Every structure is written in structure tokens, then in C-alpha cells.
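Asks: So that you have it, the file is protein_28.pdb, and it contains PDB, C-alpha atoms:
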```
ATOM      1  CA  THR A 150      17.831   9.592  20.946
ATOM      2  CA  LEU A 151      14.967   7.342  19.904
ATOM      3  CA  ALA A 152      15.481   3.772  21.150
ATOM      4  CA  LEU A 153      13.411   0.858  19.830
ATOM      5  CA  ASP A 154      14.377  -2.414  21.514
ATOM      6  CA  HIS A 155      14.127  -5.529  19.338
ATOM      7  CA  ALA A 156      12.596  -3.479  16.513
ATOM      8  CA  THR A 157      11.048  -5.265  13.545
ATOM      9  CA  ARG A 158       9.636  -4.007  10.241
ATOM     10  CA  ALA A 159       6.239  -3.793  11.931
ATOM     11  CA  ASP A 160       7.625  -0.986  14.119
ATOM     12  CA  SER A 161       8.154   1.266  11.104
ATOM     13  CA  GLY A 162       5.981   4.344  11.226
ATOM     14  CA  TYR A 163       5.587   7.852  12.585
ATOM     15  CA  TYR A 164       6.769   8.661  16.110
ATOM     16  CA  GLN A 165       6.297  11.784  18.197
ATOM     17  CA  VAL A 166       9.680  12.691  19.645
ATOM     18  CA  TYR A 167      10.163  15.116  22.551
ATOM     19  CA  ALA A 168      13.391  16.935  23.390
ATOM     20  CA  THR A 169      13.891  18.781  26.675
ATOM     21  CA  ASN A 170      16.692  21.162  27.624
ATOM     22  CA  SER A 171      17.198  24.225  29.815
ATOM     23  CA  ILE A 172      14.985  26.298  27.517
ATOM     24  CA  GLY A 173      12.009  23.962  27.517
ATOM     25  CA  THR A 174      10.472  21.050  25.636
ATOM     26  CA  ASN A 175       9.961  20.782  21.894
ATOM     27  CA  SER A 176       8.414  17.982  19.898
ATOM     28  CA  ALA A 177       8.420  16.817  16.294
ATOM     29  CA  THR A 178       6.935  13.988  14.260
ATOM     30  CA  ILE A 179       9.511  11.771  12.561
ATOM     31  CA  PHE A 180       9.208   8.679  10.390
ATOM     32  CA  VAL A 181      11.261   5.638  11.389
ATOM     33  CA  LYS A 182      11.881   2.883   8.838
ATOM     34  CA  VAL A 183      13.089  -0.389  10.336
ATOM     35  CA  ALA A 184      14.942  -2.378   7.692
ATOM     36  CA  PRO A 185      17.778  -4.902   7.408
ATOM     37  CA  ALA A 186      21.221  -3.581   6.553
ATOM     38  CA  HIS A 187      21.353  -5.943   3.572
ATOM     39  CA  SER A 188      18.548  -7.472   1.532
ATOM     40  CA  GLU A 189      18.340  -9.852  -1.407
ATOM     41  CA  LEU A 190      15.681  -9.650  -4.099
ATOM     42  CA  VAL A 191      14.495 -12.911  -5.660
ATOM     43  CA  GLU A 192      12.556 -12.686  -8.950
ATOM     44  CA  TRP A 193      10.506 -15.202 -10.890
ATOM     45  CA  GLY A 194       7.928 -15.006 -13.675
ATOM     46  CA  ASN A 195       7.987 -13.453 -17.162
ATOM     47  CA  ALA A 196      11.438 -12.577 -18.468
ATOM     48  CA  PRO A 197      10.720  -8.968 -19.567
ATOM     49  CA  TRP A 198      10.106  -8.001 -15.930
ATOM     50  CA  LEU A 199      13.140  -9.848 -14.512
ATOM     51  CA  SER A 200      15.536  -6.943 -14.798
ATOM     52  CA  ALA A 201      16.184  -5.725 -11.260
ATOM     53  CA  PRO A 202      19.400  -3.736 -10.834
ATOM     54  CA  ALA A 203      22.263  -6.080  -9.968
ATOM     55  CA  ASP A 204      23.425  -3.785  -7.162
ATOM     56  CA  LEU A 205      20.038  -3.569  -5.438
ATOM     57  CA  THR A 206      20.918  -4.795  -1.930
ATOM     58  CA  THR A 207      19.141  -2.303   0.333
ATOM     59  CA  ALA A 208      15.487  -2.644  -0.705
ATOM     60  CA  VAL A 209      13.028  -2.353   2.180
ATOM     61  CA  ASP A 210       9.822  -2.644   0.166
ATOM     62  CA  ILE A 211       8.785  -3.922  -3.287
ATOM     63  CA  ILE A 212       5.552  -3.370  -5.216
ATOM     64  CA  ALA A 213       4.785  -4.835  -8.630
ATOM     65  CA  PRO A 214       1.401  -3.939 -10.153
ATOM     66  CA  ASP A 215       2.983  -4.076 -13.655
ATOM     67  CA  GLN A 216       5.966  -1.809 -13.346
ATOM     68  CA  ILE A 217       8.168  -2.711 -10.371
ATOM     69  CA  LEU A 218       9.245  -0.196  -7.726
ATOM     70  CA  ALA A 219      11.770  -0.809  -4.967
ATOM     71  CA  LEU A 220      12.024   1.542  -2.002
ATOM     72  CA  LYS A 221      15.590   1.626  -0.731
ATOM     73  CA  SER A 222      16.751   2.157   2.839
ATOM     74  CA  ASP A 223      18.204   5.562   1.917
ATOM     75  CA  GLY A 224      14.762   6.855   0.929
ATOM     76  CA  THR A 225      15.246   6.664  -2.834
ATOM     77  CA  VAL A 226      13.167   4.636  -5.306
ATOM     78  CA  VAL A 227      14.267   2.398  -8.185
ATOM     79  CA  GLY A 228      11.899   1.294 -10.956
ATOM     80  CA  TRP A 229      11.929  -1.214 -13.816
ATOM     81  CA  GLY A 230       9.556  -3.309 -15.923
ATOM     82  CA  SER A 231       6.579  -1.944 -17.847
ATOM     83  CA  GLY A 232       6.951   1.817 -18.231
ATOM     84  CA  SER A 233       5.193   3.062 -21.361
ATOM     85  CA  GLU A 234       3.596   5.890 -19.360
ATOM     86  CA  GLY A 235       6.719   6.699 -17.339
ATOM     87  CA  GLN A 236       5.327   4.878 -14.294
ATOM     88  CA  ALA A 237       8.582   2.924 -13.780
ATOM     89  CA  ALA A 238      10.772   6.045 -13.842
ATOM     90  CA  PRO A 239      10.730   7.940 -10.524
ATOM     91  CA  PRO A 240      11.301  11.695 -10.857
ATOM     92  CA  GLU A 241      14.936  12.719 -10.805
ATOM     93  CA  GLY A 242      16.053  13.755  -7.339
ATOM     94  CA  LEU A 243      13.227  11.969  -5.525
ATOM     95  CA  SER A 244      14.389  11.285  -1.964
ATOM     96  CA  MET A 245      13.202  10.990   1.639
ATOM     97  CA  VAL A 246      10.564   8.448   0.540
ATOM     98  CA  VAL A 247       9.018   6.276   3.245
ATOM     99  CA  ALA A 248       6.332   4.433   1.262
ATOM    100  CA  VAL A 249       5.329   3.734  -2.339
ATOM    101  CA  ALA A 250       2.080   2.699  -4.017
ATOM    102  CA  ALA A 251       1.172   2.115  -7.644
ATOM    103  CA  SER A 252      -1.376   0.985 -10.168
ATOM    104  CA  PRO A 253      -0.241  -0.511 -13.485
ATOM    105  CA  ARG A 254      -0.240   3.008 -14.997
ATOM    106  CA  HIS A 255       0.826   5.443 -12.258
ATOM    107  CA  SER A 256       3.006   5.564  -9.165
ATOM    108  CA  LEU A 257       2.936   7.400  -5.827
ATOM    109  CA  ALA A 258       5.625   8.144  -3.259
ATOM    110  CA  LEU A 259       5.048   9.344   0.303
ATOM    111  CA  LYS A 260       7.880  11.466   1.655
ATOM    112  CA  SER A 261       8.974  11.742   5.276
ATOM    113  CA  ASP A 262       7.658  15.314   5.457
ATOM    114  CA  GLY A 263       4.109  14.096   4.787
ATOM    115  CA  THR A 264       3.907  15.222   1.164
ATOM    116  CA  VAL A 265       3.118  13.077  -1.901
ATOM    117  CA  VAL A 266       4.866  12.820  -5.286
ATOM    118  CA  ALA A 267       3.138  11.160  -8.274
ATOM    119  CA  TRP A 268       4.254  10.172 -11.769
ATOM    120  CA  GLY A 269       3.142   8.122 -14.767
ATOM    121  CA  ASP A 270      -0.130   8.249 -16.689
ATOM    122  CA  ASP A 271      -2.342  11.265 -15.969
ATOM    123  CA  TYR A 272      -5.278  10.329 -18.209
ATOM    124  CA  MET A 273      -7.835  11.033 -15.467
ATOM    125  CA  GLY A 274      -5.831  13.299 -13.186
ATOM    126  CA  GLN A 275      -4.610  10.496 -10.938
ATOM    127  CA  ILE A 276      -1.138  12.050 -10.575
ATOM    128  CA  GLU A 277      -2.425  15.576  -9.953
ATOM    129  CA  VAL A 278      -1.815  15.693  -6.198
ATOM    130  CA  PRO A 279      -4.126  18.281  -4.581
ATOM    131  CA  ALA A 280      -2.358  21.566  -3.877
ATOM    132  CA  GLY A 281      -1.345  21.934  -0.256
ATOM    133  CA  LEU A 282      -1.820  18.266   0.624
ATOM    134  CA  SER A 283       0.273  17.570   3.721
ATOM    135  CA  ASP A 284       0.402  15.514   6.916
ATOM    136  CA  VAL A 285      -0.040  12.335   4.847
ATOM    137  CA  VAL A 286       0.883   9.035   6.490
ATOM    138  CA  ALA A 287      -0.125   6.531   3.767
ATOM    139  CA  VAL A 288      -0.990   6.444   0.055
ATOM    140  CA  ALA A 289      -2.909   4.044  -2.185
ATOM    141  CA  ALA A 290      -3.267   3.837  -5.965
ATOM    142  CA  GLY A 291      -6.403   2.632  -7.738
ATOM    143  CA  SER A 292      -6.539   1.943 -11.445
ATOM    144  CA  LEU A 293      -7.242   5.616 -12.284
ATOM    145  CA  HIS A 294      -7.511   7.308  -8.887
ATOM    146  CA  SER A 295      -5.351   7.926  -5.845
ATOM    147  CA  LEU A 296      -5.923   8.129  -2.089
ATOM    148  CA  ALA A 297      -4.009   9.709   0.780
ATOM    149  CA  LEU A 298      -4.510   8.973   4.478
ATOM    150  CA  LYS A 299      -3.798  11.948   6.704
ATOM    151  CA  ALA A 300      -2.424  11.944  10.246
ATOM    152  CA  ASP A 301      -5.821  12.973  11.621
ATOM    153  CA  GLY A 302      -7.436   9.778  10.285
ATOM    154  CA  THR A 303      -9.212  11.394   7.340
ATOM    155  CA  VAL A 304      -8.832  10.450   3.656
ATOM    156  CA  VAL A 305      -8.316  12.577   0.528
ATOM    157  CA  GLY A 306      -8.932  11.273  -3.006
ATOM    158  CA  TRP A 307      -8.281  12.509  -6.533
ATOM    159  CA  GLY A 308      -8.385  11.256 -10.124
ATOM    160  CA  TYR A 309     -11.184   9.421 -11.930
ATOM    161  CA  ASN A 310     -14.416   9.561  -9.939
ATOM    162  CA  GLY A 311     -16.941   7.901 -12.246
ATOM    163  CA  SER A 312     -18.236   5.627  -9.478
ATOM    164  CA  GLY A 313     -17.444   7.963  -6.597
ATOM    165  CA  GLN A 314     -14.261   6.064  -5.759
ATOM    166  CA  ALA A 315     -12.209   9.263  -5.325
ATOM    167  CA  THR A 316     -14.725  10.848  -2.946
ATOM    168  CA  PRO A 317     -14.510   9.393   0.591
ATOM    169  CA  PRO A 318     -17.718   9.412   2.663
ATOM    170  CA  GLU A 319     -18.161  12.774   4.418
ATOM    171  CA  ASP A 320     -18.218  11.258   7.915
ATOM    172  CA  LEU A 321     -15.245   8.936   7.386
ATOM    173  CA  ALA A 322     -12.811   9.257  10.310
ATOM    174  CA  ASN A 323     -10.460   7.236  12.522
ATOM    175  CA  VAL A 324      -8.924   5.530   9.488
ATOM    176  CA  VAL A 325      -5.671   3.605   9.954
ATOM    177  CA  GLN A 326      -5.186   2.047   6.479
ATOM    178  CA  ILE A 327      -6.399   2.716   2.937
ATOM    179  CA  ALA A 328      -6.538   0.576  -0.209
ATOM    180  CA  ALA A 329      -7.728   1.237  -3.742
ATOM    181  CA  GLY A 330      -8.659  -0.925  -6.698
ATOM    182  CA  ASN A 331     -10.521  -0.757  -9.980
ATOM    183  CA  ASN A 332     -13.139   1.950  -9.321
ATOM    184  CA  ILE A 333     -13.393   1.066  -5.621
ATOM    185  CA  SER A 334     -11.781   2.295  -2.408
ATOM    186  CA  PHE A 335     -11.474   0.856   1.106
ATOM    187  CA  ALA A 336     -10.668   2.285   4.523
ATOM    188  CA  LEU A 337      -9.768   0.254   7.598
ATOM    189  CA  LYS A 338     -10.869   1.999  10.763
ATOM    190  CA  ALA A 339      -9.242   1.860  14.183
ATOM    191  CA  ASP A 340     -12.060  -0.338  15.490
ATOM    192  CA  GLY A 341     -11.221  -3.088  12.957
ATOM    193  CA  THR A 342     -14.134  -2.452  10.601
ATOM    194  CA  LEU A 343     -14.020  -1.681   6.872
ATOM    195  CA  VAL A 344     -15.674   1.064   4.852
ATOM    196  CA  ALA A 345     -15.973   0.752   1.040
ATOM    197  CA  TRP A 346     -17.038   3.310  -1.543
ATOM    198  CA  GLY A 347     -17.112   3.583  -5.325
ATOM    199  CA  HIS A 348     -18.202   0.628  -7.457
ATOM    200  CA  THR A 349     -19.706  -1.586  -4.758
ATOM    201  CA  ASP A 350     -22.131  -3.704  -6.834
ATOM    202  CA  GLY A 351     -21.598  -7.274  -7.991
ATOM    203  CA  GLY A 352     -19.797  -8.709  -4.969
ATOM    204  CA  PHE A 353     -17.316  -5.903  -4.346
ATOM    205  CA  LEU A 354     -18.635  -5.022  -0.879
ATOM    206  CA  PRO A 355     -17.020  -6.766   2.122
ATOM    207  CA  PRO A 356     -19.185  -9.057   4.270
ATOM    208  CA  PRO A 357     -21.446  -6.867   6.460
ATOM    209  CA  SER A 358     -20.447  -8.532   9.746
ATOM    210  CA  LEU A 359     -16.695  -8.357   9.108
ATOM    211  CA  SER A 360     -14.717  -7.118  12.130
ATOM    212  CA  GLY A 361     -11.368  -7.623  13.837
ATOM    213  CA  VAL A 362      -9.507  -6.640  10.675
ATOM    214  CA  VAL A 363      -5.861  -5.544  10.868
ATOM    215  CA  SER A 364      -5.022  -5.217   7.151
ATOM    216  CA  ILE A 365      -6.768  -4.958   3.782
ATOM    217  CA  THR A 366      -5.371  -6.145   0.427
ATOM    218  CA  VAL A 367      -6.897  -5.341  -2.957
ATOM    219  CA  GLY A 368      -6.559  -7.434  -6.120
ATOM    220  CA  ALA A 369      -8.206  -6.771  -9.469
ATOM    221  CA  ARG A 370     -11.482  -8.512  -8.637
ATOM    222  CA  HIS A 371     -10.860 -10.053  -5.232
ATOM    223  CA  PHE A 372     -10.114  -8.620  -1.803
ATOM    224  CA  PHE A 373      -8.599  -9.860   1.451
ATOM    225  CA  ALA A 374      -9.114  -8.820   5.062
ATOM    226  CA  LEU A 375      -6.428 -10.144   7.408
ATOM    227  CA  LYS A 376      -7.696 -10.640  10.943
ATOM    228  CA  THR A 377      -6.019 -10.448  14.342
ATOM    229  CA  ASP A 378      -5.810 -14.240  14.709
ATOM    230  CA  GLY A 379      -3.875 -14.721  11.435
ATOM    231  CA  SER A 380      -6.933 -15.887   9.510
ATOM    232  CA  PHE A 381      -8.376 -13.945   6.620
ATOM    233  CA  VAL A 382     -11.586 -13.389   4.692
ATOM    234  CA  VAL A 383     -11.738 -13.153   0.902
ATOM    235  CA  TRP A 384     -14.553 -11.866  -1.316
ATOM    236  CA  GLY A 385     -15.178 -10.460  -4.783
ATOM    237  CA  PRO A 386     -16.382 -11.526  -8.253
ATOM    238  CA  ALA A 387     -13.127 -13.240  -9.243
ATOM    239  CA  PRO A 388     -13.224 -16.868 -10.519
ATOM    240  CA  PRO A 389     -13.584 -19.546  -7.807
ATOM    241  CA  ASP A 390      -9.995 -20.777  -8.112
ATOM    242  CA  VAL A 391      -8.726 -17.244  -7.441
ATOM    243  CA  ILE A 392     -10.680 -16.713  -4.222
ATOM    244  CA  ALA A 393     -10.488 -20.307  -2.946
ATOM    245  CA  ILE A 394      -8.246 -20.240   0.146
ATOM    246  CA  PRO A 395      -5.809 -23.189   0.290
ATOM    247  CA  PRO A 396      -6.948 -25.714   2.923
ATOM    248  CA  GLY A 397      -5.283 -25.271   6.296
ATOM    249  CA  LEU A 398      -3.700 -21.913   5.512
ATOM    250  CA  SER A 399      -3.265 -20.002   8.768
ATOM    251  CA  GLN A 400      -0.772 -17.849  10.691
ATOM    252  CA  VAL A 401      -0.705 -15.361   7.833
ATOM    253  CA  VAL A 402       0.981 -12.009   8.466
ATOM    254  CA  ALA A 403       0.716 -10.390   5.013
ATOM    255  CA  ILE A 404      -1.020 -10.924   1.662
ATOM    256  CA  ALA A 405      -0.371  -9.679  -1.868
ATOM    257  CA  ALA A 406      -2.904  -9.965  -4.689
ATOM    258  CA  THR A 407      -3.032  -9.243  -8.393
ATOM    259  CA  GLU A 408      -5.477 -10.028 -11.191
ATOM    260  CA  ASP A 409      -5.543 -13.814 -11.025
ATOM    261  CA  TYR A 410      -3.326 -15.025  -8.180
ATOM    262  CA  SER A 411      -2.418 -14.300  -4.564
ATOM    263  CA  ILE A 412       0.559 -14.785  -2.256
ATOM    264  CA  ALA A 413       0.483 -15.106   1.536
ATOM    265  CA  ILE A 414       3.439 -14.716   3.883
ATOM    266  CA  LYS A 415       3.256 -16.887   6.975
ATOM    267  CA  VAL A 416       4.559 -16.047  10.424
ATOM    268  CA  PHE A 417       7.888 -17.848   9.895
ATOM    269  CA  GLY A 418       8.548 -16.268   6.494
ATOM    270  CA  THR A 419       7.304 -19.013   4.170
ATOM    271  CA  LEU A 420       5.240 -18.223   1.068
ATOM    272  CA  VAL A 421       2.010 -19.782  -0.148
ATOM    273  CA  ALA A 422       0.674 -18.908  -3.613
ATOM    274  CA  TRP A 423      -2.584 -19.776  -5.396
TER     275      TRP A 423
END
```
Kindly transcribe the structure held in the file into C-alpha cells.
Replies:
Amino acid sequence: TLALDHATRADSGYYQVYATNSIGTNSATIFVKVAPAHSELVEWGNAPWLSAPADLTTAVDIIAPDQILALKSDGTVVGWGSGSEGQAAPPEGLSMVVAVAASPRHSLALKSDGTVVAWGDDYMGQIEVPAGLSDVVAVAAGSLHSLALKADGTVVGWGYNGSGQATPPEDLANVVQIAAGNNISFALKADGTLVAWGHTDGGFLPPPSLSGVVSITVGARHFFALKTDGSFVVWGPAPPDVIAIPPGLSQVVAIAATEDYSIAIKVFGTLVAW
């Protein structure tokens, strides 16, 4: 039995479980998803995308780059919205999913066994998951490339590599989070620093002295680093009104970003958008 007292969504992740009996001790890695028994999805924006299934009451995660994907508590995925390349239509029979990622043209699912499933546009090979890829703990989708973070802290990339965005630095290690954008990739290391590769000219690189980072969020032309104290740093070549942080915004626990706006979730569950 695995017991997590007062578990929250932040406790979701991989756990090493040990079982001991008269024969000896065995261990296995399992993924635990902490989610409410019932959830409610609230939509707003352009009407064509406001078509969530009426019976969707067990969503534990939502992503919306253009198509919309909802990961359900039973490990299945539901999609709707823009789907001209099939990116909103998960493969039939897809199950045991613990995380999803997507660009506007392709989608990725991480399964509990550490394997990756991809679907949608394959113009530059971004859904051609490398043969034998396993032990994956996180995935990220750039505009035309994909990334996978492995349990050993290394990163694998595939798809369009015109700026080197699908080729992680050779010495990259101790990675705890990955993010991908338009021809650029990011890795958050265990020491709270960021590594970027790909198209890094024109304001895409993070500030050189940035440290104490706990999460990275990628928009189209702007990027966020959430820090341990609930503050965050933003950079990129986006227009000033897109990267201008609202005065007094603090106690942020999560950020979402798209092409021309951002949303922050505060510690007590309120939203701030700009």
C-alpha cells in the first residue's frame, strides 16, 4: 500500500515502491496521479473551440495550444477544437496516459510505462517517436519538434532541427523539466538553472544570472520562469504589453502562455490574465 497523507496535485509523479515478503524484497516504479473525484471545466473565448464533451467531469489536466486535450483520471484522453491534421483525435485505444503535451499541429501522450504516443501532423517527423524510447517521465511539444525527459535526467529530441532545437547539448544532465517552443527548447536543471538551445538569437535566451527556478513556461515569443518565492521572470521578443507583468502580481503557483496573452494561477486558486 502506498499512503500519501494530505496529497495534492503537486504530489503527482513517479514513486519507487518496495514490497517485502518471506521470499525477499522487490521494487517497481509506479506513477501516481492525484486528482479530484469530480471536476468541472469552464470555457470562454471563441465559439468554435467551446465544444467540450458535456459529460467531461473527471479531467485532471487541460492543454489548449489550438486543439484542446483533456487528460481524464482513468488515463484516457479526450480532444476537441482545431483538428485538421488529426491533432485533436487521440489514437483509438489510447490508455494509461499520465501526461499530455501539444503544439497547434501535433500531440503527445506519456504513458505510465514510460513510453510515448504521438499523433497529428508529421510534416517534419515530430510524431515519429524514436524506436525503443522508454523510461520517459515528461514530454514537451515545440512547433515542429518534440522532447522527452528520461528518468535519468537526460533529454531526447526529434522532429525539425533547423536551428538545433531537437538536439540537446551533449553534456545536458540532471534535468527535472523540459519545455519547447517555436524552434527553441529549454531544460530546467535540479539546481534551479535553465539551459536553452535552438534559435536563441533576438531575445530568446533567458537572463544569464537567472537561478532559483522551479518551473518554465513557453509562449510563442515570450517565456516565464517561476521562482521559489512565487515571483517570476519574463523575457522574449513579444510586444511590451504581452511581457509586462501586472503590478503587484505575486504568490503565483502556475503560468500558462500562448501567442499574445498569459494566465497566472495564484496560491488561493484565483486567475490573473494579461
Asks: With all atoms listed in the file as the counted atoms, please give the residues lying no more than 7 Å from Trp307 in chain A, apart from itself and same-chain residues fewer than 2 positions off, as a PyMOL selection string.
Replies: chain A and resi 275+294-296+309+315
Asks: Store the residues picked out above in a file with C-alpha atoms, as a PDB file, keeping the file's coordinate frame.
Replies:
```pdb
ATOM      1  CA  GLN A 275      -4.610  10.496 -10.938  1.00  0.00           C
ATOM      2  CA  HIS A 294      -7.511   7.308  -8.887  1.00  0.00           C
ATOM      3  CA  SER A 295      -5.351   7.926  -5.845  1.00  0.00           C
ATOM      4  CA  LEU A 296      -5.923   8.129  -2.089  1.00  0.00           C
ATOM      5  CA  TYR A 309     -11.184   9.421 -11.930  1.00  0.00           C
ATOM      6  CA  ALA A 315     -12.209   9.263  -5.325  1.00  0.00           C
TER       7      ALA A 315
END
```
Asks: Return as JSON lines the residues of range 299-335 of chain A lying at most 12 Å from range 384-392 of chain A, together with the closest atom-to-atom pair for each and the distance in Å to one decimal, counting all atoms listed in the file, with rows in chain order and ascending residue number.
Replies:
```
{"residue": "A:Gly330", "atom": "CA", "partner": "A:Gly385", "partner_atom": "CA", "distance": 11.7}
{"residue": "A:Asn331", "atom": "CA", "partner": "A:Gly385", "partner_atom": "CA", "distance": 12.0}
{"residue": "A:Ile333", "atom": "CA", "partner": "A:Gly385", "partner_atom": "CA", "distance": 11.7}
```
Asks: With a distance cut-off of 9 Å and only C-alpha atoms, select the neighbouring residues of Ala369 in chain A, excluding the residue or stretch itself and same-chain residues fewer than 2 positions from it, and output the selection as a PyMOL selection string.
Replies: chain A and resi 330-331+367+371-372+387+406-409
Asks: Any idea what the distance is between CA of Lys260 in chain A and CA of Leu220 in chain A?
Replies: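 Those two atoms sit 11.4 Å apart.
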Asks: Report as a tab-separated table (two decimals) with C-alpha atoms, in the frame of the given file the full result of the PyMOL selection byres ((chain A and resi 334) around 8) when it is applied to this structure.
Replies:
```
chain	number	residue	atom	x	y	z
A	291	GLY	CA	-6.40	2.63	-7.74
A	314	GLN	CA	-14.26	6.06	-5.76
A	315	ALA	CA	-12.21	9.26	-5.32
A	327	ILE	CA	-6.40	2.72	2.94
A	328	ALA	CA	-6.54	0.58	-0.21
A	329	ALA	CA	-7.73	1.24	-3.74
A	330	GLY	CA	-8.66	-0.92	-6.70
A	332	ASN	CA	-13.14	1.95	-9.32
A	333	ILE	CA	-13.39	1.07	-5.62
A	335	PHE	CA	-11.47	0.86	1.11
A	336	ALA	CA	-10.67	2.28	4.52
A	345	ALA	CA	-15.97	0.75	1.04
A	346	TRP	CA	-17.04	3.31	-1.54
A	347	GLY	CA	-17.11	3.58	-5.32
```
Asks: Just the number, please: distance in Å from CA of Ala405 in chain A to CA of Asp320 in chain A, one decimal.
Replies: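 We find that CA of Ala405 in chain A and CA of Asp320 in chain A lie 29.2 Å from each other.
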Asks: By how many Å are CA of Val305 in chain A and CA of Ala258 in chain A apart?
Replies: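 Value for the CA of Val305 in chain A-CA of Ala258 in chain A distance: 15.1 Å.
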Asks: What residues come out when you apply the PyMOL selection byres ((chain A and resi 242-256) around 6) to this file, written as a ChimeraX atom specification?
Replies: /A:214-215,224-225,236,240-241,257-261,267-270,289-292
Asks: Generate a file of the selected residues that holds C-alpha atoms, formatted as a short mmCIF file (atom, residue, chain, number, x, y, z; two decimals), in the coordinates of the input.
Replies:
```
data_model
loop_
_atom_site.label_atom_id
_atom_site.label_comp_id
_atom_site.auth_asym_id
_atom_site.auth_seq_id
_atom_site.Cartn_x
_atom_site.Cartn_y
_atom_site.Cartn_z
CA PRO A 214 1.40 -3.94 -10.15
CA ASP A 215 2.98 -4.08 -13.66
CA GLY A 224 14.76 6.86 0.93
CA THR A 225 15.25 6.66 -2.83
CA GLN A 236 5.33 4.88 -14.29
CA PRO A 240 11.30 11.70 -10.86
CA GLU A 241 14.94 12.72 -10.80
CA LEU A 257 2.94 7.40 -5.83
CA ALA A 258 5.62 8.14 -3.26
CA LEU A 259 5.05 9.34 0.30
CA LYS A 260 7.88 11.47 1.66
CA SER A 261 8.97 11.74 5.28
CA ALA A 267 3.14 11.16 -8.27
CA TRP A 268 4.25 10.17 -11.77
CA GLY A 269 3.14 8.12 -14.77
CA ASP A 270 -0.13 8.25 -16.69
CA ALA A 289 -2.91 4.04 -2.18
CA ALA A 290 -3.27 3.84 -5.96
CA GLY A 291 -6.40 2.63 -7.74
CA SER A 292 -6.54 1.94 -11.44
#
```
Asks: Measuring atom to atom with only C-alpha atoms, identify which of A:Val181, A:Ile172, A:Leu359, A:Val401 is nearest to Gly379 in chain A.
Replies: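 Distance minimum relative to Gly379 in chain A lands on A:Val401.
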Asks: Name the closest residue to Ala287 in chain A among the candidates A:Gly302, A:Pro317, A:Pro202, A:Pro396; distances are taken between atoms, counting all atoms listed in the file.
Replies: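 Looking only at the distances to Ala287 in chain A, the closest residue turns out to be A:Gly302.
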Asks: Let me have the centre and edge lengths of the axis-aligned box enclosing all listed atoms of range 309-313 of chain A with 5 Å padding on every side, in Å to one decimal, as AutoDock Vina command-line options.
Replies:
```
--center_x -14.7 --center_y 7.6 --center_z -9.4 --size_x 17.1 --size_y 13.9 --size_z 15.6
```
Asks: Select, from A:Ser283, A:Ser312, A:Ser364, A:Asn175, the residue with the minimum atom-to-atom distance to Ser380 in chain A, counting all atoms listed in the file.
Replies: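 Answer, going by the shortest atom-to-atom distance: A:Ser364.
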Asks: Where does the PyMOL selection byres ((chain A and resi 207) around 7) land in this file, that is, which residues does it pick, as a list in words?
Replies: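 Evaluating the PyMOL selection byres ((chain A and resi 207) around 7) on these coordinates yields Ala186, His187, Ser188, Leu205, Thr206, Ala208, Val209, Lys221 and Ser222 of chain A.
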Asks: Please provide as a PyMOL selection string all residues within 9 Å of Leu199 in chain A, with the sequence filter that same-chain residues fewer than 5 positions apart are discarded (counting only C-alpha atoms).
Replies: chain A and resi 192-194+229-230
